[in-house]
Every structure is written in C-alpha cells, then in structure tokens.
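Have a look at the structure below, then the notes.
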Amino acid sequence: MRKRCSGKCPGTPEPGATTQTFERHGSPVKVTIHRIPAAVCPLCHEAYVSRETGRQIDVLLEPFHGKHGHIPALPAAEVTIDFAEATAASQAA
Ligand SMILES: [Zn+2]
C-alpha cells in the first residue's frame, strides 16, 4: 500500500474503494466499475489501484474494450460493473 500521495500532496492514502469510468478510443462502450479496492488519499481523493487489481480491471474490460488493438464491434452502451461482485463470481467459477 502506498505511503504517500503523488506530487505535492502531503496526504497518506488509506484503504478504501473507488469508482472509475473507462473509455477506450475507438470503442463506443463506456464502462463504469464500482467498488474497486484502492488506496484513496483523504486530501485530494486520488485513488491508487494495486497491480493485481489493475489486472482484474483489464479482465473485466476486455469483453467491452478488447485487447491488443482489437476492439469488439458493439453498439454504443454504458455498462456498469460491480467490482466486488464480478470478481467474486469469477473466483467461484
Ligand atoms: Zn493526495
């Protein structure tokens, strides 16, 4: 876990959760993921996501945003994912 916030912010990030929206150039799908575990700075509210969590986010985004330059042909949509539920489901499978 991060000990210090970035740049000039003197805040110390604390364990929490964040909501982030992901858009990809060329993709018509906007994906919002709730309850992403993150270290959140109490001063500037910057959220820091661990490498492992980032990898899980990539897995969640892949059906919508594709990978390696291949973007799935999907209709324009806004998708909402609950990170905690989505990752619990994948672990149970
Ligand atoms: Zn900060």
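Labels for the structure tokens follow display order: chains A, B, ..., residues from 1 in each chain, ligands from 1.
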Find the residues around range 57-66 of chain A up to 7 Å (only C-alpha atoms counted), leave out those fewer than 3 positions away in its own chain, and share them as a ChimeraX atom specification. /A:24,27,29,53-54,70-72
Write out as a tab-separated table the residues of chain A that have any atom within 9 Å of an atom of ligand 1, one row each with the nearest atom pair and its distance in Å to one decimal, counting only C-alpha atoms and all ligand atoms, sorted by chain and then rising number.
residue	atom	partner	partner_atom_place_in_ligand_line	distance
A:Arg4	CA	ligand 1	1 (Zn)	7.8
A:Cys5	CA	ligand 1	1 (Zn)	4.6
A:Ser6	CA	ligand 1	1 (Zn)	6.4
A:Gly7	CA	ligand 1	1 (Zn)	8.2
A:Lys8	CA	ligand 1	1 (Zn)	8.1
A:Cys9	CA	ligand 1	1 (Zn)	4.7
A:Pro10	CA	ligand 1	1 (Zn)	6.3
A:Gly11	CA	ligand 1	1 (Zn)	4.6
A:Thr12	CA	ligand 1	1 (Zn)	6.9
A:Pro13	CA	ligand 1	1 (Zn)	6.9
A:Val40	CA	ligand 1	1 (Zn)	7.9
A:Cys41	CA	ligand 1	1 (Zn)	4.6
A:Pro42	CA	ligand 1	1 (Zn)	6.6
A:Leu43	CA	ligand 1	1 (Zn)	5.0
A:Cys44	CA	ligand 1	1 (Zn)	4.1
A:His45	CA	ligand 1	1 (Zn)	6.0
A:Glu46	CA	ligand 1	1 (Zn)	5.6
A:Ala47	CA	ligand 1	1 (Zn)	8.5
Nearby residues (only C-alpha atoms) at most 7 Å from Gly16 in chain A, same-chain spacing under 5 positions excluded, as a list in words: Pro37, Ala38, Ala39 and Val40 of chain A
From a DSSP calculation on the backbone, collect every residue of chain A in helix (DSSP H, G or I) and output the set as an NGL selection string. :A and (51-65 or 83-92)
Writer output for current selection, C-alpha atoms, as a CSV table (one decimal), in the first residue's frame:
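Output saved as part-v8.csv:
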chain,number,residue,atom,x,y,z
A,51,ARG,CA,-1.1,-4.0,-9.9
A,52,GLU,CA,-3.3,-7.1,-9.2
A,53,THR,CA,-6.5,-5.1,-9.1
A,54,GLY,CA,-5.5,-3.3,-12.3
A,55,ARG,CA,-5.1,-6.8,-13.9
A,56,GLN,CA,-8.6,-7.7,-12.7
A,57,ILE,CA,-9.9,-4.5,-14.2
A,58,ASP,CA,-8.3,-5.3,-17.5
A,59,VAL,CA,-10.1,-8.7,-17.4
A,60,LEU,CA,-13.4,-7.0,-16.7
A,61,LEU,CA,-12.9,-4.5,-19.5
A,62,GLU,CA,-11.7,-7.0,-22.1
A,63,PRO,CA,-15.2,-8.1,-23.3
A,64,PHE,CA,-16.1,-4.5,-24.0
A,65,HIS,CA,-12.8,-2.9,-25.0
A,83,PHE,CA,-16.0,-5.0,-9.0
A,84,ALA,CA,-16.6,-6.9,-5.8
A,85,GLU,CA,-19.5,-9.0,-7.3
A,86,ALA,CA,-17.7,-9.5,-10.7
A,87,THR,CA,-14.5,-10.8,-9.1
A,88,ALA,CA,-16.4,-12.9,-6.6
A,89,ALA,CA,-18.2,-14.6,-9.5
A,90,SER,CA,-15.0,-15.3,-11.4
A,91,GLN,CA,-13.4,-16.8,-8.3
A,92,ALA,CA,-16.4,-19.1,-7.7
In Å, with one decimal, what is the gap from CA of Lys30 in chain A to CA of Thr80 in chain A?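 One can read the CA of Lys30 in chain A to CA of Thr80 in chain A distance as 8.5 Å.
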Can you tell me which residues surround Glu78 in chain A at a distance of at most 10 Å, considering only C-alpha atoms, apart from same-chain residues fewer than 6 positions away, and format the answer as a ChimeraX atom specification? /A:21,23,28-32
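Here CA of Gly26 in chain A stands at a distance of 24.7 Å from CA of Val49 in chain A.
Excluding Thr19 in chain A itself and same-chain residues fewer than 3 positions from it, the residues having an atom within 7 Å of it are Ile33, His34, Arg35 and Ile36 of chain A, counting only C-alpha atoms.
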Requested write-out: C-alpha atoms of the selected residues, as a PDB file, in the first residue's frame:
ATOM      1  CA  ILE A  33     -16.738  -0.039 -12.369  1.00  0.00           C
ATOM      2  CA  HIS A  34     -17.885   0.444  -8.800  1.00  0.00           C
ATOM      3  CA  ARG A  35     -16.266  -0.731  -5.569  1.00  0.00           C
ATOM      4  CA  ILE A  36     -12.738  -1.063  -6.903  1.00  0.00           C
TER       5      ILE A  36
END
DSSP strand (DSSP E) residues within chain A, listed as JSON, numbers by chain: {"A": [14, 15, 16, 17, 18, 19, 20, 21, 22, 29, 30, 31, 32, 33, 34, 35, 36, 37, 38, 39, 40, 47, 48, 77, 78, 79, 80, 81, 82]}
For a test of reading the model, state the distance in Å between CA of Ala76 in chain A and CA of Tyr48 in chain A, rounded to one decimal.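 Here the two named atoms are 28.8 Å from each other.
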